[in-house]
Amino acid sequence: MHTLWLVIQREFVSNVLTSRFMIGFIVCLLSTAVAVFVQVDDHEKRLVGYNTAIRESQAEAKNWKLYTDISAKVHRKPNPLGIFNIGMETSGVNTVVVEPDKPIWRRDSSSPGWGETTRKIGADNPFLAMFLSVDVVFIFKIVLSALAVLFAYNTISGEREDGTLKLVLSNSIPRDTVVLGKYLGGMLSLFPIVVVSLIVALLLALSSPDIAFNGNDIAHVVLIFAVSLLYVSTWYLLGLLLSVWTKEATTTLILSMFLWVILTSVHANVATFAVTKFSPHKPDSEEKVFQQTIQLWNDFRKERDDYLKKRGYDSPTETVSWHRDEKGRSGGSAGTFSMSAQWFLTESYQIRNLKGTDVSVLQEFLSYQEPLRIVYTDRAEEILRKPADDRERNAKFADFLSRISFADVYRFAVGAISGTDRQSYNDFLESSRTHKREIVEYLKDKKAFSTRAWFSDEQGAADLADLPVYRYQRFSLSESFSRASVDILILLAWNIVLFMLAYVSFLRYEMS
Amino acid sequence: MILHIAKKEIHYNLTTLRFALMVILLPVLMIANALIYGYGDDGYITQVNAYNKQVEKKLSHVETYAAQGLGELAVIGPGDMPKRPSPLKFSANGTDEVIPRYVIMQEYGTASRSAKAGKFEAYAWKGPWTLRYPLNSFDEGSATHRIKIDWVFIGVLMSFFAILFTFDAVAGERSSGTLSLMMSNTVSRSQVLLGKSIGAFLTLMVPLVIGILMNLLVIQLSGSLSFDSGTSLRILGMVGLFGLLISAFIFVGLFFSSRVSNAITSLVWLLLTWVFLAFVFPNLLGIFVGNLNPIPSVDEVSLSREAQLNQIMDQFQPWGAYGPWGGSGETSSKLNQAPSTENPSATRQWATYFTAQKGIETKSLDEHIDKQFRQVQLARDLTQVSPIATFQYAMEGLANTGIVSYMNFVKQARRYRQTFIDFIKTEDRNDPESLHIYPVKEGLSQKPVDPDAVPVFEERVSYRSVLSQVGLLVLFNLLFFIVAQVSFLMSEIK
C-alpha cells in the first residue's frame, strides 16, 4: 500500500511541476469561464423571453369565454443546466399551441402562412446559428481530453527512454502497483483542473441574479462532474495503453494526438453528416403528406354528411333554424355559420350572431361532430408528424454511430443528465400532446361539446376555472441518472477495457 | 542551401508516423466528402433540378400575368426568386440550413369585400407584392449537426497536421543535439527556418493536392461538376487558400518550437492555440457579439409591423370600421368606392393606401434583415482574428456559399425590385389609356405585356470579398513568419 502511495505521489508531483500542467490549468479555466459567461448571458435572454411568453399566454387565457376559445400555449422553460451543456436548448421549437382540433407537428422549414402549431419565439437572428455554441462540456470534451493524453503519453514509454523505468522496476515494486499508481497519480493531477473549472463555472452561473439553481440542479452538476472525471480517465487510460504499446514517447504522442483529433472532432461529424446525406429513413415529401391530410379531411366530411343525411339534413348549416327577419331573408346579418377548411390541414368553422335562434339541433349535431373531429385531428397528426419522426429516427441513427467515439458518449451522457439532449426535446413535444389529451378529456368530462357555451356566450361564458394546467417536471437526479445510464456504462466499459489492456500489456512488457 | 535543408526535412518527414497517419486520413476524408456530396441526398444535381424547376415556374408566372395585363403583373410581382445553387458546395458548405434558397417576390394573398347598401362598392384585390425574406428554421441540435465534412473541415485538420509536423522541428533537433551540428555549418539561421518551413509545407501540400485530385475525380464521376474555366480557377484559388492556411500554421508551429525548450511544451501550447483558433474563439465570439448588440426578435418586429399596418387600416378602413371579418358596420371610409379605370380619384385613394401599407411592410422587412446581416457581419469581421475563420470565409466566398453570398443575393434582389418597378412604370407611360396610378391594378395599363420584355433577374457573383480575406491570410503569414524568424534568431542552441 505504501509503495502504491509512493508511485502515486511521484507521478502527481512530476505532472504538477510540468509547464503543461500550468498551461492546461490556466487555459481550461479561462475558456470555461468565458464559455459560461457567454452562455449565462444567452440563458438570461431566453429566460426573459420565456417569462414574457408565459405572461402573454396567461393574459390571453383570461379572455377565453367559450370552449372553442381554448388555445393553450405550452412553452419550453429554459433549462439552467443548458449553461453547462447547451444541447438542444437553442434549437427546435419552444412554443406549442395546444388546441383540441389542431394537430401538433413541425416542419423542417417554415414559410409564412401555414397553420403550424409549433413555433420558435424570441429568436432574434437565425443566421447567428452559423456559429457553434461552445459550452463547458464542449471545452471539457476537447481540451480536457487533450490534457489527459498529454499527461499520459510518456508515463511508460517516456520513462523507458529516460531509463528510469528500469530503475523503478528493479525495486521490489510489483508491476501492477506501478500501473495502478501511475493511473491514480495521473488522475489525481487532472482532478484539480476538472474541479476548479467546474466550480468556477458554477460560481459564475450562480452570480447571475436571474438564474436559480436548486438543490436538484446542483446534484446534477455533481453528476456531470463525476461523468467528466470518468471521461478524462478514459483518455488517460488510452494514453497509458499507447504508452505501453509503443517504444518511443514521440510515437505515443503522435498516435494519441491522431486518435484524439479523430475521436473528438472527426468521427461524429463524419458519421452525422453521412447519415443526413444518405438517410436510412427517407421522409415523405411535404406534398405527399399534405395530400394525405386533405384526403383525410374529405373522409371526415363524408362521414359527417352521412350522419347528417340520416338525420335528414343536407349540410351542417341547416341544423340551425335561422331567425328570419320581416322580409324573409335568412342568415345574412342575423347570424352566420360556415364550415371551411381554413388551412387545409385542419377543419374549422365559424358560428356567429345566433341571437334568438333555435340551436338545439346544432348542439346535438356538434356533440356528434366535435369528438369525431378530434379523432380525425389525431389521425391528421399521425400523418403530419411522420416526416419529423423520420428525421428523428435518422438523427438517432447518427447518434448511435457517433457512440463509437467515447468523446461523443460523454457528450450524450451529459446531455441526458442535464436534460438538454434530443430525447428531452422530444419529451417536451410529447408532453404538449399529453396536455392536449388532458384538455380533450376535460372537455369530454364536462360534456362541453353539447353546451351552448361551446360556441356562444349569450347564456353565460364557459367555466374554465378548472381547465388543466400544463406542467413539465424536470427530471430528478435518479431519473437523469437512469436516462444517462447506458452512456455512463459505455464509458465505464471503455475504462475497464482500457485499464485491463494497459495492465496486461504492462505485465507482459519486455524491458530491453 | 535552403533547398538542401528542405529536401532533408522532407525525407525525414516521409518516414515519420504522422505522415503515414495523414496519408491514411486525408484520402479517406476526401473520398468521403466526394461520395457524400456527389451521391448523397439533396446533392448538387437535385438542387439544380429544383432551381431549374423554380426558374421555369417563375417564367410561366410572368407569362401568365403579363398576358393578363400590365396592371395585373404590377401587383402580383415577378415571382419567387431562387438562388442559384453553387456547384462548389462540397468545398465550403457554409451552414446552408440557416440560409434560405430563395426570396419571395410575389403576392400570394387576396382580399375582398362585398358591397354594402350602396355605400360600399364590392372590390377584390391582390397585393401589391412586397419583397419578403423567408426564414429557415431548423431543428438540428448540437454542434455535430452543423459541422459539414467539406474542404473547410479538411483544411482545419490540415492546420492540425501542420502543427504535428512542426512542433518538434526546432525543439526536437535541439534536444537531440543535431541543431548545434547544423548551426556549426555556414548556414544562416533564417535559411534553416525557411528550409524547414518549405519542407513541412511540401510534405503537407503534396498529399493534399493528390487528395483534392482524387476528390475531384469522384465528384466528376458523379456528374455533379463540370469543369469550365471559372470553376477550375476557383478550385485553384482554393488550393492557394489551403496553402496560405497551412503555411501560417507552419510558422506558428516553428515559432513555438523555437521559443520553447522542450518539444512537449511546444505541442501543448500549439494544441491549445489550435483548439482555440479552430473551435472556441470564433464560435464564442460569434455568440458574444449576438448578445452584445441585441436586435429585436422576429416576433417583436412582426408585432410592431402588425401594429403599424393596423394603424394604416384604421386610417383607410378598406373594409369599413369593422375590419375584414366584421359583418356590418359604419362604412364611411375613404375607400368607399372601388378603384376603376373610370374613377381616377378613388383609384388615387387606393394608391395612397397601398403605398402606405407596402411602404411599412417593405421598410420593416428590409430593416430587420439588414440588422440581422449587420450583426452577422460584425461577428464575422471580429472572428477573422482567427486564421481558420478567415480561411473558412474565403473558401465560402470562392464557392459562393454561406451568408455573404446570400447577402449579395438579397442586395441584387432589391436592385431587381427597383428595376421591375421602373419597368412597370415605363411600360405604363407608353399606354395613353392608362391612368398612370401605381400601384393599383386599375390605375395602370390593362394591355398585355410582352413577357420577353420583362427584365430578367440575373445573379452576379462577386468574389471581391475574398480579396480582403486573402490579404488577411497573407498578413497572418507575414506576421507569423517574422515572429518565428525573430524567435528562432533569439533562441539558444542548447
# chains A, B, ... in the order shown; residues from 1 in each chain; ligands from 1
$ select_by_dssp --residues "region 273-501 of chain A" --states "helix (DSSP H, G or I)" --output "PyMOL selection string"
chain A and resi 273-277+286-311+316-319+360-384+386-402+406-418+422-445+448-450+452-454+477-501
$ residues_around --residues "Ser228 (chain A)" --least-positions-apart "4" --cutoff "8 Å" --atoms "only C-alpha atoms" --output "number ranges by chain"
A: 140, 194, 224, 232, 410
$ interface_residues --of "chain A" --to "chain B" --cutoff "8 Å" --atoms "only C-alpha atoms" --output "PyMOL selection string"
chain A and resi 19-20+23-24+27+31+35+38+41-42+86-88+90-93+108-112+121-134+139+142-143+150+251+254-255+258+268-270+272-274+276-279+333+422
$ residues_around --residues "region 198-213 of chain A" --least-positions-apart "2" --cutoff "7 Å" --atoms "only C-alpha atoms" --output "JSON, numbers by chain"
{"A": [32, 33, 36, 37, 40, 44, 80, 194, 195, 196, 215, 217, 218]}
$ closest_residue --among "A:Thr264, A:Ser315, A:Asn51, A:Asn298" --to "Tyr376 (chain A)" --atoms "only C-alpha atoms"
A:Asn298
$ residues_around --residues "region 110-115 of chain B" --least-positions-apart "3" --cutoff "7 Å" --atoms "only C-alpha atoms" --output "PDB file with N, CA and C atoms, in the first residue's frame"
ATOM      1  N   PHE B 120     -70.867  51.105 -50.219  1.00  0.00           N
ATOM      2  CA  PHE B 120     -69.603  50.397 -50.212  1.00  0.00           C
ATOM      3  C   PHE B 120     -69.548  49.574 -51.480  1.00  0.00           C
ATOM      4  N   GLU B 121     -68.633  49.847 -52.338  1.00  0.00           N
ATOM      5  CA  GLU B 121     -68.576  49.081 -53.571  1.00  0.00           C
ATOM      6  C   GLU B 121     -67.778  47.796 -53.376  1.00  0.00           C
ATOM      7  N   ALA B 122     -68.281  46.759 -53.997  1.00  0.00           N
ATOM      8  CA  ALA B 122     -67.553  45.490 -53.890  1.00  0.00           C
ATOM      9  C   ALA B 122     -66.220  45.617 -54.607  1.00  0.00           C
ATOM     10  N   TYR B 123     -65.217  44.965 -54.032  1.00  0.00           N
ATOM     11  CA  TYR B 123     -63.898  45.036 -54.659  1.00  0.00           C
ATOM     12  C   TYR B 123     -63.068  43.860 -54.175  1.00  0.00           C
ATOM     13  N   ALA B 124     -62.353  43.287 -55.092  1.00  0.00           N
ATOM     14  CA  ALA B 124     -61.406  42.233 -54.699  1.00  0.00           C
ATOM     15  C   ALA B 124     -60.041  42.662 -55.182  1.00  0.00           C
ATOM     16  N   TRP B 125     -59.064  42.516 -54.322  1.00  0.00           N
ATOM     17  CA  TRP B 125     -57.739  42.981 -54.741  1.00  0.00           C
ATOM     18  C   TRP B 125     -56.640  42.047 -54.267  1.00  0.00           C
ATOM     19  N   LYS B 126     -55.529  42.227 -54.927  1.00  0.00           N
ATOM     20  CA  LYS B 126     -54.341  41.443 -54.637  1.00  0.00           C
ATOM     21  C   LYS B 126     -53.232  42.415 -54.353  1.00  0.00           C
ATOM     22  N   GLY B 127     -52.398  42.055 -53.418  1.00  0.00           N
ATOM     23  CA  GLY B 127     -51.134  42.774 -53.263  1.00  0.00           C
ATOM     24  C   GLY B 127     -51.264  44.220 -52.903  1.00  0.00           C
ATOM     25  N   TRP B 319     -62.329  48.001 -45.262  1.00  0.00           N
ATOM     26  CA  TRP B 319     -63.489  47.139 -45.004  1.00  0.00           C
ATOM     27  C   TRP B 319     -64.534  47.851 -44.142  1.00  0.00           C
TER      28      TRP B 319
END
$ residues_around --residues "Ser232 (chain B)" --least-positions-apart "6" --cutoff "12 Å" --atoms "only C-alpha atoms" --output "MDAnalysis selection string"
chainID B and resid 87:88 213 216 225:226 238:239 398:399
$ write_last_selection --atoms "all heavy atoms" --output "mmCIF file, in the first residue's frame"
data_model
loop_
_atom_site.group_PDB
_atom_site.id
_atom_site.type_symbol
_atom_site.label_atom_id
_atom_site.label_comp_id
_atom_site.auth_asym_id
_atom_site.auth_seq_id
_atom_site.Cartn_x
_atom_site.Cartn_y
_atom_site.Cartn_z
ATOM 1 N N PRO B 87 -22.096 24.896 -57.472
ATOM 2 C CA PRO B 87 -21.545 23.562 -57.741
ATOM 3 C C PRO B 87 -20.381 23.234 -56.812
ATOM 4 O O PRO B 87 -20.000 22.075 -56.692
ATOM 5 C CB PRO B 87 -21.079 23.669 -59.200
ATOM 6 C CG PRO B 87 -20.883 25.116 -59.445
ATOM 7 C CD PRO B 87 -21.864 25.827 -58.577
ATOM 8 N N LEU B 88 -19.824 24.252 -56.176
ATOM 9 C CA LEU B 88 -18.643 24.013 -55.336
ATOM 10 C C LEU B 88 -19.007 23.893 -53.868
ATOM 11 O O LEU B 88 -18.194 24.145 -52.992
ATOM 12 C CB LEU B 88 -17.639 25.145 -55.528
ATOM 13 C CG LEU B 88 -16.991 25.198 -56.897
ATOM 14 C CD1 LEU B 88 -16.006 26.340 -56.982
ATOM 15 C CD2 LEU B 88 -16.280 23.894 -57.173
ATOM 16 N N LEU B 213 -7.250 16.008 -55.997
ATOM 17 C CA LEU B 213 -7.468 15.456 -57.335
ATOM 18 C C LEU B 213 -8.365 14.225 -57.272
ATOM 19 O O LEU B 213 -9.273 14.060 -58.085
ATOM 20 C CB LEU B 213 -6.119 15.122 -57.978
ATOM 21 C CG LEU B 213 -5.292 16.348 -58.374
ATOM 22 C CD1 LEU B 213 -3.955 15.928 -58.950
ATOM 23 C CD2 LEU B 213 -6.054 17.202 -59.381
ATOM 24 N N LEU B 216 -11.872 15.413 -56.699
ATOM 25 C CA LEU B 216 -12.498 15.991 -57.892
ATOM 26 C C LEU B 216 -12.866 14.909 -58.894
ATOM 27 O O LEU B 216 -13.888 14.999 -59.572
ATOM 28 C CB LEU B 216 -11.561 17.013 -58.531
ATOM 29 C CG LEU B 216 -11.363 18.290 -57.722
ATOM 30 C CD1 LEU B 216 -10.359 19.197 -58.391
ATOM 31 C CD2 LEU B 216 -12.692 19.020 -57.557
ATOM 32 N N LEU B 225 -20.296 17.970 -61.358
ATOM 33 C CA LEU B 225 -19.376 19.099 -61.533
ATOM 34 C C LEU B 225 -18.884 19.090 -62.966
ATOM 35 O O LEU B 225 -18.444 18.063 -63.482
ATOM 36 C CB LEU B 225 -18.187 18.967 -60.575
ATOM 37 C CG LEU B 225 -17.196 20.112 -60.615
ATOM 38 C CD1 LEU B 225 -17.818 21.375 -60.088
ATOM 39 C CD2 LEU B 225 -15.962 19.786 -59.805
ATOM 40 N N SER B 226 -19.015 20.232 -63.605
ATOM 41 C CA SER B 226 -18.441 20.334 -64.936
ATOM 42 C C SER B 226 -17.345 21.373 -64.866
ATOM 43 O O SER B 226 -17.527 22.441 -64.290
ATOM 44 C CB SER B 226 -19.506 20.741 -65.948
ATOM 45 O OG SER B 226 -20.073 21.963 -65.550
ATOM 46 N N MET B 238 -8.769 27.935 -54.284
ATOM 47 C CA MET B 238 -8.961 27.239 -53.009
ATOM 48 C C MET B 238 -7.683 26.519 -52.595
ATOM 49 O O MET B 238 -7.323 26.520 -51.422
ATOM 50 C CB MET B 238 -10.094 26.235 -53.137
ATOM 51 C CG MET B 238 -11.439 26.914 -53.138
ATOM 52 S SD MET B 238 -12.711 25.718 -53.397
ATOM 53 C CE MET B 238 -14.113 26.785 -53.480
ATOM 54 N N VAL B 239 -7.002 25.910 -53.573
ATOM 55 C CA VAL B 239 -5.732 25.266 -53.246
ATOM 56 C C VAL B 239 -4.772 26.307 -52.683
ATOM 57 O O VAL B 239 -4.061 26.061 -51.701
ATOM 58 C CB VAL B 239 -5.153 24.559 -54.487
ATOM 59 C CG1 VAL B 239 -3.788 23.985 -54.184
ATOM 60 C CG2 VAL B 239 -6.092 23.468 -54.954
ATOM 61 N N LEU B 398 -15.231 31.928 -52.329
ATOM 62 C CA LEU B 398 -14.891 31.359 -53.638
ATOM 63 C C LEU B 398 -15.948 30.362 -54.094
ATOM 64 O O LEU B 398 -16.238 30.257 -55.282
ATOM 65 C CB LEU B 398 -13.533 30.669 -53.568
ATOM 66 C CG LEU B 398 -12.315 31.560 -53.723
ATOM 67 C CD1 LEU B 398 -11.056 30.719 -53.743
ATOM 68 C CD2 LEU B 398 -12.404 32.368 -55.008
ATOM 69 N N ALA B 399 -16.526 29.629 -53.150
ATOM 70 C CA ALA B 399 -17.537 28.638 -53.514
ATOM 71 C C ALA B 399 -18.893 29.297 -53.737
ATOM 72 O O ALA B 399 -19.820 28.656 -54.207
ATOM 73 C CB ALA B 399 -17.640 27.576 -52.436
#
$ residues_around --residues "Arg301 (chain A)" --least-positions-apart "4" --cutoff "10 Å" --atoms "only C-alpha atoms" --output "PyMOL selection string"
chain A and resi 295-297+305-307+347+369+373
$ write_last_selection --atoms "N, CA and C atoms" --output "compact mmCIF listing (two decimals), in the first residue's frame"
# COMPACT_ATOMS: atom_id res chain seq x y z
N GLN A 295 -57.01 14.33 -48.01
CA GLN A 295 -57.85 13.15 -48.21
C GLN A 295 -58.56 12.77 -46.91
N LEU A 296 -57.78 12.85 -45.82
CA LEU A 296 -58.34 12.51 -44.51
C LEU A 296 -59.52 13.39 -44.17
N TRP A 297 -59.38 14.68 -44.44
CA TRP A 297 -60.48 15.59 -44.11
C TRP A 297 -61.68 15.39 -45.03
N ASP A 305 -71.35 14.02 -43.22
CA ASP A 305 -72.52 14.26 -44.06
C ASP A 305 -73.45 13.04 -44.08
N ASP A 306 -72.82 11.84 -43.99
CA ASP A 306 -73.64 10.63 -43.91
C ASP A 306 -74.54 10.70 -42.67
N TYR A 307 -73.94 11.12 -41.60
CA TYR A 307 -74.70 11.25 -40.35
C TYR A 307 -75.83 12.24 -40.52
N GLU A 347 -59.70 21.33 -40.03
CA GLU A 347 -61.06 21.61 -40.47
C GLU A 347 -61.65 22.49 -39.38
N GLN A 369 -70.36 15.81 -33.90
CA GLN A 369 -69.27 16.16 -34.81
C GLN A 369 -67.94 16.41 -34.09
N ARG A 373 -64.31 15.07 -34.96
CA ARG A 373 -63.29 15.97 -35.49
C ARG A 373 -61.99 15.81 -34.72
$ closest_residue --among "A:Ala61, A:Ala413, A:Val361, A:Leu263" --to "Leu308 (chain A)" --atoms "only C-alpha atoms"
A:Val361
